[in-house]
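Asks: Structure file work_15.cif (mmCIF, C-alpha atoms and all ligand atoms) is given on the next line.
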```
data_entry
loop_
_atom_site.group_PDB
_atom_site.id
_atom_site.type_symbol
_atom_site.label_atom_id
_atom_site.label_comp_id
_atom_site.auth_asym_id
_atom_site.auth_seq_id
_atom_site.Cartn_x
_atom_site.Cartn_y
_atom_site.Cartn_z
ATOM 1 C CA MET A 11 258.962 101.276 364.017
ATOM 2 C CA VAL A 12 259.532 97.889 365.591
ATOM 3 C CA LEU A 13 259.528 96.023 362.274
ATOM 4 C CA GLU A 14 262.713 97.948 361.345
ATOM 5 C CA ARG A 15 264.472 95.568 363.725
ATOM 6 C CA LEU A 16 263.957 92.807 361.179
ATOM 7 C CA ARG A 17 265.843 94.698 358.445
ATOM 8 C CA GLN A 18 269.304 93.328 357.693
ATOM 9 C CA ASP A 19 270.662 96.121 355.469
ATOM 10 C CA GLY A 20 274.444 96.399 355.684
ATOM 11 C CA ARG A 21 274.754 93.051 357.424
ATOM 12 C CA VAL A 22 276.561 90.011 356.024
ATOM 13 C CA ALA A 23 275.305 86.450 356.461
ATOM 14 C CA ILE A 24 277.112 83.169 355.774
ATOM 15 C CA VAL A 25 274.783 80.227 355.104
ATOM 16 C CA THR A 26 276.345 76.791 354.633
ATOM 17 C CA GLY A 27 274.519 74.479 352.224
ATOM 18 C CA GLY A 28 272.803 77.651 351.034
ATOM 19 C CA ALA A 29 272.410 76.688 347.387
ATOM 20 C CA LYS A 30 269.383 74.447 347.871
ATOM 21 C CA GLY A 31 266.648 73.337 350.232
ATOM 22 C CA VAL A 32 266.450 74.800 353.716
ATOM 23 C CA GLY A 33 269.718 76.742 353.336
ATOM 24 C CA LEU A 34 268.494 78.530 350.205
ATOM 25 C CA GLY A 35 265.209 79.283 351.983
ATOM 26 C CA ILE A 36 267.059 80.939 354.858
ATOM 27 C CA ALA A 37 269.474 82.754 352.514
ATOM 28 C CA SER A 38 266.519 84.079 350.478
ATOM 29 C CA VAL A 39 264.686 85.505 353.489
ATOM 30 C CA LEU A 40 267.876 87.176 354.755
ATOM 31 C CA ALA A 41 268.580 88.586 351.268
ATOM 32 C CA GLU A 42 264.998 89.877 351.016
ATOM 33 C CA ALA A 43 265.525 91.578 354.376
ATOM 34 C CA GLY A 44 268.567 93.377 352.940
ATOM 35 C CA ALA A 45 271.548 91.236 353.976
ATOM 36 C CA SER A 46 274.483 90.425 351.729
ATOM 37 C CA VAL A 47 274.518 86.644 351.695
ATOM 38 C CA VAL A 48 277.483 84.297 351.246
ATOM 39 C CA ILE A 49 276.544 80.705 350.501
ATOM 40 C CA MET A 50 278.761 77.644 350.397
ATOM 41 C CA SER A 51 277.809 74.415 348.666
ATOM 42 C CA ARG A 52 279.646 71.654 346.864
ATOM 43 C CA THR A 53 278.198 72.110 343.368
ATOM 44 C CA GLN A 54 278.962 75.113 341.150
ATOM 45 C CA ALA A 55 275.756 74.718 339.091
ATOM 46 C CA ASP A 56 273.595 74.795 342.239
ATOM 47 C CA ILE A 57 275.454 77.884 343.439
ATOM 48 C CA ASP A 58 274.980 79.642 340.088
ATOM 49 C CA ASN A 59 271.208 79.007 340.192
ATOM 50 C CA ALA A 60 270.974 80.142 343.802
ATOM 51 C CA ILE A 61 272.930 83.357 343.192
ATOM 52 C CA VAL A 62 270.501 84.361 340.430
ATOM 53 C CA ARG A 63 267.611 83.920 342.879
ATOM 54 C CA LEU A 64 269.374 85.752 345.696
ATOM 55 C CA ASP A 65 270.499 88.680 343.526
ATOM 56 C CA ALA A 66 266.888 89.147 342.394
ATOM 57 C CA PHE A 67 266.227 90.671 345.828
ATOM 58 C CA GLY A 68 268.404 93.596 344.769
ATOM 59 C CA GLY A 69 271.400 93.071 347.039
ATOM 60 C CA GLN A 70 274.751 91.395 346.583
ATOM 61 C CA SER A 71 275.490 87.747 347.175
ATOM 62 C CA LEU A 72 278.545 85.539 346.860
ATOM 63 C CA GLY A 73 278.816 81.823 346.177
ATOM 64 C CA VAL A 74 281.761 79.745 347.355
ATOM 65 C CA VAL A 75 282.225 76.169 346.159
ATOM 66 C CA GLY A 76 283.410 74.068 349.063
ATOM 67 C CA ASP A 77 282.816 71.247 351.465
ATOM 68 C CA VAL A 78 282.082 72.124 355.098
ATOM 69 C CA THR A 79 283.763 68.922 356.240
ATOM 70 C CA LYS A 80 287.117 70.365 355.071
ATOM 71 C CA PHE A 81 288.661 72.897 357.434
ATOM 72 C CA GLU A 82 290.543 74.663 354.630
ATOM 73 C CA ASP A 83 287.244 75.230 352.778
ATOM 74 C CA ASN A 84 285.697 76.735 355.905
ATOM 75 C CA GLU A 85 288.700 79.037 356.322
ATOM 76 C CA ARG A 86 288.405 80.079 352.676
ATOM 77 C CA LEU A 87 284.657 80.709 353.087
ATOM 78 C CA VAL A 88 285.137 83.140 355.960
ATOM 79 C CA GLN A 89 288.147 84.764 354.278
ATOM 80 C CA GLN A 90 286.210 85.365 351.037
ATOM 81 C CA ALA A 91 283.237 86.768 352.937
ATOM 82 C CA LEU A 92 285.565 89.212 354.724
ATOM 83 C CA GLU A 93 287.476 90.142 351.559
ATOM 84 C CA THR A 94 284.253 90.785 349.635
ATOM 85 C CA PHE A 95 282.049 92.420 352.258
ATOM 86 C CA GLY A 96 284.431 93.354 355.092
ATOM 87 C CA ARG A 97 282.419 91.800 357.915
ATOM 88 C CA VAL A 98 280.409 88.786 359.063
ATOM 89 C CA ASP A 99 277.330 89.394 361.219
ATOM 90 C CA ILE A 100 275.376 86.166 360.815
ATOM 91 C CA LEU A 101 276.441 82.530 360.522
ATOM 92 C CA VAL A 102 273.874 79.853 359.711
ATOM 93 C CA ASN A 103 275.303 76.361 360.178
ATOM 94 C CA ASN A 104 272.759 74.659 357.954
ATOM 95 C CA ALA A 105 274.656 71.938 356.054
ATOM 96 C CA GLY A 106 274.357 68.629 357.843
ATOM 97 C CA GLY A 107 272.700 65.255 357.742
ATOM 98 C CA ALA A 108 273.332 61.515 357.844
ATOM 99 C CA LEU A 109 272.102 58.481 355.974
ATOM 100 C CA PRO A 110 269.945 55.900 357.757
ATOM 101 C CA VAL A 111 271.931 52.835 358.851
ATOM 102 C CA PRO A 112 270.632 49.987 361.044
ATOM 103 C CA PHE A 113 272.279 50.072 364.489
ATOM 104 C CA GLU A 114 274.253 46.837 364.021
ATOM 105 C CA GLN A 115 275.827 48.140 360.809
ATOM 106 C CA ILE A 116 277.059 51.532 362.023
ATOM 107 C CA SER A 117 280.852 51.575 361.839
ATOM 108 C CA THR A 118 282.953 53.623 364.225
ATOM 109 C CA GLN A 119 284.295 55.551 361.233
ATOM 110 C CA GLN A 120 280.734 56.391 360.130
ATOM 111 C CA PHE A 121 279.944 57.680 363.625
ATOM 112 C CA HIS A 122 283.069 59.883 363.511
ATOM 113 C CA ASP A 123 282.187 61.170 360.024
ATOM 114 C CA ASP A 124 278.605 62.047 361.003
ATOM 115 C CA PHE A 125 279.823 63.766 364.176
ATOM 116 C CA HIS A 126 282.246 65.767 362.057
ATOM 117 C CA PHE A 127 279.542 66.728 359.516
ATOM 118 C CA ASN A 128 276.904 67.720 362.082
ATOM 119 C CA VAL A 129 279.000 69.162 364.921
ATOM 120 C CA VAL A 130 282.725 69.644 364.307
ATOM 121 C CA GLN A 131 282.440 71.706 361.116
ATOM 122 C CA ALA A 132 279.840 73.954 362.784
ATOM 123 C CA PHE A 133 282.282 74.385 365.681
ATOM 124 C CA GLN A 134 285.077 75.275 363.237
ATOM 125 C CA LEU A 135 283.001 77.911 361.460
ATOM 126 C CA THR A 136 281.828 79.318 364.775
ATOM 127 C CA GLN A 137 285.442 79.607 365.927
ATOM 128 C CA LEU A 138 286.369 81.297 362.640
ATOM 129 C CA VAL A 139 283.643 83.978 362.753
ATOM 130 C CA VAL A 140 283.480 84.779 366.471
ATOM 131 C CA PRO A 141 286.593 87.042 366.562
ATOM 132 C CA HIS A 142 285.091 89.191 363.780
ATOM 133 C CA MET A 143 281.700 89.359 365.473
ATOM 134 C CA ARG A 144 283.408 90.335 368.725
ATOM 135 C CA GLU A 145 285.155 93.180 366.883
ATOM 136 C CA THR A 146 281.805 94.651 365.820
ATOM 137 C CA GLY A 147 280.212 93.752 369.165
ATOM 138 C CA ASP A 148 277.255 92.036 367.543
ATOM 139 C CA GLY A 149 276.497 88.717 365.910
ATOM 140 C CA SER A 150 273.939 85.980 365.480
ATOM 141 C CA ILE A 151 274.789 82.308 364.999
ATOM 142 C CA ILE A 152 272.052 79.837 364.098
ATOM 143 C CA ASN A 153 272.537 76.071 364.039
ATOM 144 C CA ILE A 154 270.080 73.889 362.139
ATOM 145 C CA SER A 155 268.978 70.747 363.926
ATOM 146 C CA SER A 156 266.138 68.265 363.704
ATOM 147 C CA LEU A 157 263.394 66.924 365.930
ATOM 148 C CA ALA A 158 265.317 63.672 365.584
ATOM 149 C CA ALA A 159 267.798 65.100 368.126
ATOM 150 C CA ARG A 160 265.200 64.591 370.845
ATOM 151 C CA TYR A 161 262.889 61.887 369.586
ATOM 152 C CA GLY A 162 265.164 59.622 367.579
ATOM 153 C CA ALA A 163 264.153 58.062 364.282
ATOM 154 C CA ASP A 164 264.404 54.607 362.738
ATOM 155 C CA ASP A 165 268.001 53.694 361.801
ATOM 156 C CA MET A 166 269.148 57.255 362.497
ATOM 157 C CA LEU A 167 271.231 56.861 365.655
ATOM 158 C CA THR A 168 274.213 58.897 364.443
ATOM 159 C CA TYR A 169 271.960 61.649 363.075
ATOM 160 C CA SER A 170 269.968 61.865 366.292
ATOM 161 C CA VAL A 171 272.989 61.824 368.605
ATOM 162 C CA THR A 172 275.093 64.271 366.592
ATOM 163 C CA LYS A 173 272.237 66.763 366.148
ATOM 164 C CA ALA A 174 271.695 66.553 369.921
ATOM 165 C CA GLY A 175 275.394 67.473 370.226
ATOM 166 C CA LEU A 176 274.820 70.487 367.970
ATOM 167 C CA GLU A 177 271.920 71.603 370.172
ATOM 168 C CA GLN A 178 274.105 71.367 373.285
ATOM 169 C CA MET A 179 276.928 73.245 371.532
ATOM 170 C CA THR A 180 274.351 75.992 370.915
ATOM 171 C CA ARG A 181 273.605 76.328 374.648
ATOM 172 C CA VAL A 182 277.253 76.291 375.706
ATOM 173 C CA CYS A 183 278.354 78.796 373.046
ATOM 174 C CA ALA A 184 275.462 81.114 373.930
ATOM 175 C CA GLN A 185 276.734 81.366 377.513
ATOM 176 C CA GLU A 186 280.299 81.820 376.327
ATOM 177 C CA PHE A 187 279.622 84.604 373.794
ATOM 178 C CA ALA A 188 276.896 86.635 375.542
ATOM 179 C CA PRO A 189 276.011 89.441 375.488
ATOM 180 C CA GLU A 190 277.551 90.420 372.134
ATOM 181 C CA ILE A 191 276.819 87.265 370.155
ATOM 182 C CA ARG A 192 273.586 85.287 370.270
ATOM 183 C CA VAL A 193 273.660 81.577 369.464
ATOM 184 C CA ASN A 194 270.427 79.729 368.784
ATOM 185 C CA CYS A 195 269.247 76.596 367.080
ATOM 186 C CA ILE A 196 266.263 75.854 364.862
ATOM 187 C CA ALA A 197 265.054 72.253 365.074
ATOM 188 C CA LEU A 198 263.062 71.267 362.029
ATOM 189 C CA GLY A 199 260.187 68.931 361.652
ATOM 190 C CA MET A 200 259.454 67.703 358.164
ATOM 191 C CA THR A 201 260.334 70.511 355.757
ATOM 192 C CA MET A 202 259.551 70.475 352.038
ATOM 193 C CA THR A 203 262.660 70.308 349.855
ATOM 194 C CA ASP A 204 263.168 68.781 346.394
ATOM 195 C CA ALA A 205 264.203 65.476 347.970
ATOM 196 C CA LEU A 206 261.145 65.277 350.226
ATOM 197 C CA GLU A 207 258.840 66.383 347.425
ATOM 198 C CA GLY A 208 260.247 63.600 345.218
ATOM 199 C CA TYR A 209 259.634 61.044 347.950
ATOM 200 C CA ILE A 210 256.092 62.175 348.669
ATOM 201 C CA SER A 211 255.150 62.232 345.003
ATOM 202 C CA THR A 212 256.430 58.691 344.410
ATOM 203 C CA VAL A 213 255.352 56.864 347.590
ATOM 204 C CA GLU A 214 251.616 56.277 347.673
ATOM 205 C CA GLY A 215 249.974 57.407 350.897
ATOM 206 C CA ALA A 216 253.117 59.074 352.277
ATOM 207 C CA LEU A 217 251.459 62.447 352.818
ATOM 208 C CA ALA A 218 248.201 60.960 354.089
ATOM 209 C CA ASN A 219 250.114 59.000 356.727
ATOM 210 C CA VAL A 220 252.076 61.972 357.956
ATOM 211 C CA LEU A 221 249.550 64.812 358.022
ATOM 212 C CA PRO A 222 247.385 63.500 360.902
ATOM 213 C CA GLN A 223 250.495 63.711 363.109
ATOM 214 C CA ILE A 224 251.039 67.410 362.376
ATOM 215 C CA PRO A 225 248.570 69.646 364.263
ATOM 216 C CA LEU A 226 248.939 72.471 361.707
ATOM 217 C CA ASN A 227 248.046 69.937 358.991
ATOM 218 C CA ARG A 228 250.781 70.687 356.493
ATOM 219 C CA ILE A 229 254.447 69.972 355.839
ATOM 220 C CA GLY A 230 256.676 72.916 356.695
ATOM 221 C CA ASN A 231 258.339 74.933 353.977
ATOM 222 C CA VAL A 232 261.682 76.651 353.741
ATOM 223 C CA GLU A 233 260.132 80.105 354.196
ATOM 224 C CA ASP A 234 258.809 78.975 357.606
ATOM 225 C CA VAL A 235 262.406 78.273 358.604
ATOM 226 C CA GLY A 236 263.732 81.456 356.987
ATOM 227 C CA LEU A 237 261.281 83.611 358.938
ATOM 228 C CA ALA A 238 262.333 81.988 362.212
ATOM 229 C CA ALA A 239 265.978 82.642 361.325
ATOM 230 C CA LEU A 240 265.176 86.260 360.478
ATOM 231 C CA TYR A 241 263.561 86.774 363.887
ATOM 232 C CA LEU A 242 266.660 85.334 365.596
ATOM 233 C CA CYS A 243 268.805 87.786 363.582
ATOM 234 C CA SER A 244 266.616 90.801 364.408
ATOM 235 C CA ALA A 245 268.309 93.739 366.091
ATOM 236 C CA GLY A 246 268.407 93.313 369.845
ATOM 237 C CA CYS A 247 266.626 89.935 369.722
ATOM 238 C CA TYR A 248 266.065 88.802 373.325
ATOM 239 C CA VAL A 249 266.726 85.103 372.668
ATOM 240 C CA THR A 250 269.951 83.162 373.049
ATOM 241 C CA GLY A 251 270.919 79.570 373.818
ATOM 242 C CA LYS A 252 267.535 78.244 372.731
ATOM 243 C CA VAL A 253 266.313 75.517 370.415
ATOM 244 C CA ILE A 254 263.229 76.706 368.526
ATOM 245 C CA ASP A 255 261.066 74.000 366.956
ATOM 246 C CA ILE A 256 259.623 74.801 363.531
ATOM 247 C CA ASP A 257 257.515 71.709 363.129
ATOM 248 C CA GLY A 258 253.796 72.499 362.822
ATOM 249 C CA GLY A 259 253.257 71.455 366.420
ATOM 250 C CA ILE A 260 254.451 67.848 366.217
ATOM 251 C CA LEU A 261 254.821 66.351 369.674
ATOM 252 C CA ARG A 262 256.922 63.405 368.561
ATOM 253 C CA SER A 263 258.813 62.387 365.412
ATOM 254 C CA VAL A 264 256.750 61.486 362.381
ATOM 255 C CA ARG A 265 257.644 58.538 360.209
ATOM 256 C CA LEU A 266 257.300 58.939 356.470
ATOM 257 C CA GLY A 267 255.110 56.240 355.026
ATOM 258 C CA GLY A 268 254.722 54.529 358.408
HETATM 259 N N1 LIG A 301 264.409 68.906 355.033
HETATM 260 C C1 LIG A 301 263.986 68.418 356.191
HETATM 261 O O1 LIG A 301 262.856 67.897 356.308
HETATM 262 C C2 LIG A 301 264.868 68.521 357.424
HETATM 263 C C3 LIG A 301 264.353 68.048 358.637
HETATM 264 C C4 LIG A 301 265.139 68.151 359.778
HETATM 265 C C5 LIG A 301 266.391 68.743 359.710
HETATM 266 N N2 LIG A 301 266.888 69.177 358.529
HETATM 267 C C6 LIG A 301 268.238 69.776 358.511
HETATM 268 O O2 LIG A 301 268.240 70.941 357.688
HETATM 269 C C7 LIG A 301 269.525 71.100 357.086
HETATM 270 C C8 LIG A 301 269.366 71.262 355.580
HETATM 271 O O3 LIG A 301 268.632 70.167 355.099
HETATM 272 P P1 LIG A 301 268.122 70.049 353.570
HETATM 273 O O4 LIG A 301 267.027 69.049 353.590
HETATM 274 O O5 LIG A 301 267.886 71.386 352.994
HETATM 275 O O6 LIG A 301 269.453 69.400 352.939
HETATM 276 P P2 LIG A 301 269.885 69.076 351.455
HETATM 277 O O7 LIG A 301 270.372 67.686 351.458
HETATM 278 O O8 LIG A 301 268.779 69.443 350.500
HETATM 279 O O9 LIG A 301 271.173 70.005 351.256
HETATM 280 C C9 LIG A 301 271.123 71.372 351.241
HETATM 281 C C10 LIG A 301 272.414 71.908 350.648
HETATM 282 O O10 LIG A 301 273.543 71.530 351.442
HETATM 283 C C11 LIG A 301 274.619 71.234 350.573
HETATM 284 N N3 LIG A 301 275.610 70.369 351.212
HETATM 285 C C12 LIG A 301 275.468 69.073 351.566
HETATM 286 N N4 LIG A 301 276.616 68.610 352.087
HETATM 287 C C13 LIG A 301 277.501 69.638 352.059
HETATM 288 C C14 LIG A 301 278.851 69.772 352.446
HETATM 289 N N5 LIG A 301 279.547 68.746 352.952
HETATM 290 N N6 LIG A 301 279.457 70.973 352.280
HETATM 291 C C15 LIG A 301 278.780 72.015 351.750
HETATM 292 N N7 LIG A 301 277.497 71.949 351.367
HETATM 293 C C16 LIG A 301 276.864 70.764 351.511
HETATM 294 C C17 LIG A 301 273.934 70.566 349.406
HETATM 295 O O11 LIG A 301 274.770 70.606 348.253
HETATM 296 C C18 LIG A 301 272.690 71.424 349.233
HETATM 297 O O12 LIG A 301 272.969 72.561 348.439
HETATM 298 C C19 LIG A 301 270.359 69.882 357.494
HETATM 299 O O13 LIG A 301 271.172 70.213 358.589
HETATM 300 C C20 LIG A 301 269.299 68.865 357.912
HETATM 301 O O14 LIG A 301 269.779 67.937 358.863
HETATM 302 C C21 LIG A 301 266.149 69.082 357.364
#
```
Produce structure tokens that represent the structure in this file.
Ligand SMILES: NC(=O)c1ccc[n+]([C@@H]2O[C@H](COP(=O)([O-])OP(=O)(O)OC[C@H]3O[C@@H](n4cnc5c(N)ncnc54)[C@H](O)[C@@H]3O)[C@@H](O)[C@H]2O)c1

Replies:
Amino acid sequence: MVLERLRQDGRVAIVTGGAKGVGLGIASVLAEAGASVVIMSRTQADIDNAIVRLDAFGGQSLGVVGDVTKFEDNERLVQQALETFGRVDILVNNAGGALPVPFEQISTQQFHDDFHFNVVQAFQLTQLVVPHMRETGDGSIINISSLAARYGADDMLTYSVTKAGLEQMTRVCAQEFAPEIRVNCIALGMTMTDALEGYISTVEGALANVLPQIPLNRIGNVEDVGLAALYLCSAGCYVTGKVIDIDGGILRSVRLGG
């Protein structure tokens, strides 16, 4: 019964930024597979909506309002997960991002802030959960990156460089925590979220420009990412320290509208 290895019953997953977009997609697949899911996001209303969707899978989920860039919020997230469910088996460091800024206008403070948002907070959460995963002798950590980490993108230097840092942290942590804890990264190509959908529906020709660059001829969706995450969380998964591209086969970065 090899597909049993995908079941997550009795396991507890923390997903940052799990109230919307890619994070909610991952949280939903893990909940459908039987995990208890703990999501953290900044907006209570988004969390309330997400919890209704997650609980519809029949399990238990918990929403924590907080900001991953604040260490005390990350501490509280892990503490509440442990108080509620008694364990943490999966950590998905999904929250992240950066706004486009032309190279000449990037301030040193902005670079620090983007590094903190894309790397340091993921490091903090990893450090907070690893002792508990070591206690149970099993754990899966998944960091969410972007193709931009390898190919760059217009006006996205800090995003590209900091996501590349997250990918390298994945490799180093995987060596450090093996064999009990696996650490992997999912690098996304273009993935349909509300924000992207809004852009595509308002900018004429945006989709037509992008699709020829994607061999599988469609934009990715959050379930594509969730299924990849589920595989990486499967019992005895023989993958660690790797960056898995979920991108429809893109060989280089695509530029919306360009
Ligand atoms: N959507 C894409 O096409 C795409 C492509 C490449 C990489 N990614 C990566 O995927 C991840 C998720 O992207 P998305 O498009 O779903 O993002 P999003 O902007 O839609 O945000 C998802 C969730 O994260 C929450 N969030 C944002 N900042 C937070 C913070 N400081 N603390 C706590 N929660 C916070 C938001 O409230 C939201 O609920 C990011 O790391 C992003 O870099 C996305």

Asks: For the file shown, report as a VMD selection string the outcome of the PyMOL selection byres (((chain A and resi 239) around 12) and not hetatm) at residue level.

Replies: chain A and resid 16 18 23 25 32 to 33 35 to 41 43 100 to 104 150 to 154 193 to 198 232 to 238 240 to 244 247 249 253 to 256

Asks: Given a cut-off of 8 Å, what residues near ligand LIG 301 (chain A) show up using only C-alpha atoms and all ligand atoms, put as a PyMOL selection string?

Replies: chain A and resi 26-34+50-53+56-57+75-79+103-108+127-128+154-158+169+173+197-206+230

Asks: Using all atoms listed in the file, which of the listed residues (A:Tyr161, A:Tyr248, A:Phe67, A:Tyr209) sits closest to Leu261 of chain A?

Replies: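 Answer, going by the shortest atom-to-atom distance: A:Tyr161.
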
Asks: Could you state the separation of atom CA of Ile191 of chain A and atom CA of Asp124 of chain A in Å, given to one decimal place?

Replies: 26.9 Å

Asks: Kindly give the distance, in Å, that separates atom CA of Glu114 of chain A and atom CA of Gly175 of chain A, rounded to a single decimal.

Replies: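 Answer for the atom CA of Glu114 of chain A to atom CA of Gly175 of chain A separation: 21.6 Å.
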
Asks: Could you name the residues that touch Ile24 of chain A at 6 Å or less, counting only C-alpha atoms, but leaving out those on the same chain fewer than 3 positions away, as a list in words?

Replies: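 Listing them by chain and then by number gives Val47, Val48, Ile49 and Leu101 of chain A.
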
Asks: Those selected residues, please, written with C-alpha atoms and delivered as a compact mmCIF listing (two decimals), in the frame of the given file.

Replies:
```txt
# COMPACT_ATOMS: atom_id res chain seq x y z
CA VAL A 47 274.52 86.64 351.70
CA VAL A 48 277.48 84.30 351.25
CA ILE A 49 276.54 80.70 350.50
CA LEU A 101 276.44 82.53 360.52
```

Asks: Might you pull out every residue within 10 Å of Leu109 of chain A, with all atoms listed in the file counted and same-chain residues fewer than 6 positions away left off, and present them as a list in words?

Replies: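 In the requested form, the answer reads Gln120, Asp124, Asp165, Met166, Leu167, Thr168 and Tyr169 of chain A.
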
Asks: Please write the residues from the selection above to a file, keeping C-alpha atoms, as a CSV table (one decimal), in the frame of the given file.

Replies:
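Saved result, out-v8.csv, follows:
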```
chain,number,residue,atom,x,y,z
A,120,GLN,CA,280.7,56.4,360.1
A,124,ASP,CA,278.6,62.0,361.0
A,165,ASP,CA,268.0,53.7,361.8
A,166,MET,CA,269.1,57.3,362.5
A,167,LEU,CA,271.2,56.9,365.7
A,168,THR,CA,274.2,58.9,364.4
A,169,TYR,CA,272.0,61.6,363.1
```

Asks: Using Å and a single decimal, report how far atom CA of Gly251 of chain A sits from atom CA of Gln137 of chain A.

Replies: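 A separation of 16.5 Å between them.
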
Asks: Have a look at A:Val139, A:Ala159, A:Ile61, A:Ala132 and name the one nearest to Val88 of chain A; count only C-alpha atoms.

Replies: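 That would be A:Val139, the residue with the smallest distance to Val88 of chain A.
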
Asks: My list of candidates is A:Asp83, A:Val98, A:Gly162, A:Leu92. Which is closest to Ala45 of chain A when distances are computed with all atoms listed in the file?

Replies: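 Under the stated criterion, the closest residue is A:Val98.
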
Asks: At a cut-off of 9 Å, using all atoms listed in the file, what residues contact Gly68 of chain A? Leave out same-chain residues fewer than 2 positions from it and give the result as a list in words.

Replies: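 The residues that qualify are Ala41, Glu42, Gly44, Leu64, Asp65, Ala66 and Gln70 of chain A.
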
Asks: Please identify all polymer residues within 10 Å of Gly246 of chain A, counting only C-alpha atoms, omitting same-chain residues fewer than 6 positions from it, and present them as a list of chain:residue names.

Replies: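 Non-adjacent residues within range: A:Arg15, A:Leu16, A:Asp148, A:Glu190, A:Arg192.
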
Asks: Taking all atoms listed in the file into account, name the residue in A:Asp257, A:Asp58, A:Glu214, A:Glu177 that is nearest to Arg228 of chain A.

Replies: A:Asp257

Asks: Taking only C-alpha atoms into account, which of A:Leu72, A:Ala184, A:Ala245, A:Val213 comes nearest Leu13 of chain A?

Replies: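 Nearest candidate to Leu13 of chain A out of A:Leu72, A:Ala184, A:Ala245, A:Val213: A:Ala245.
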
Asks: Nearest residue to Asn84 of chain A out of A:Ala55, A:Val130, A:Val22, A:Leu135, using all atoms listed in the file?

Replies: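 When distances to Asn84 of chain A are compared using all atoms listed in the file, the smallest one comes from A:Leu135.
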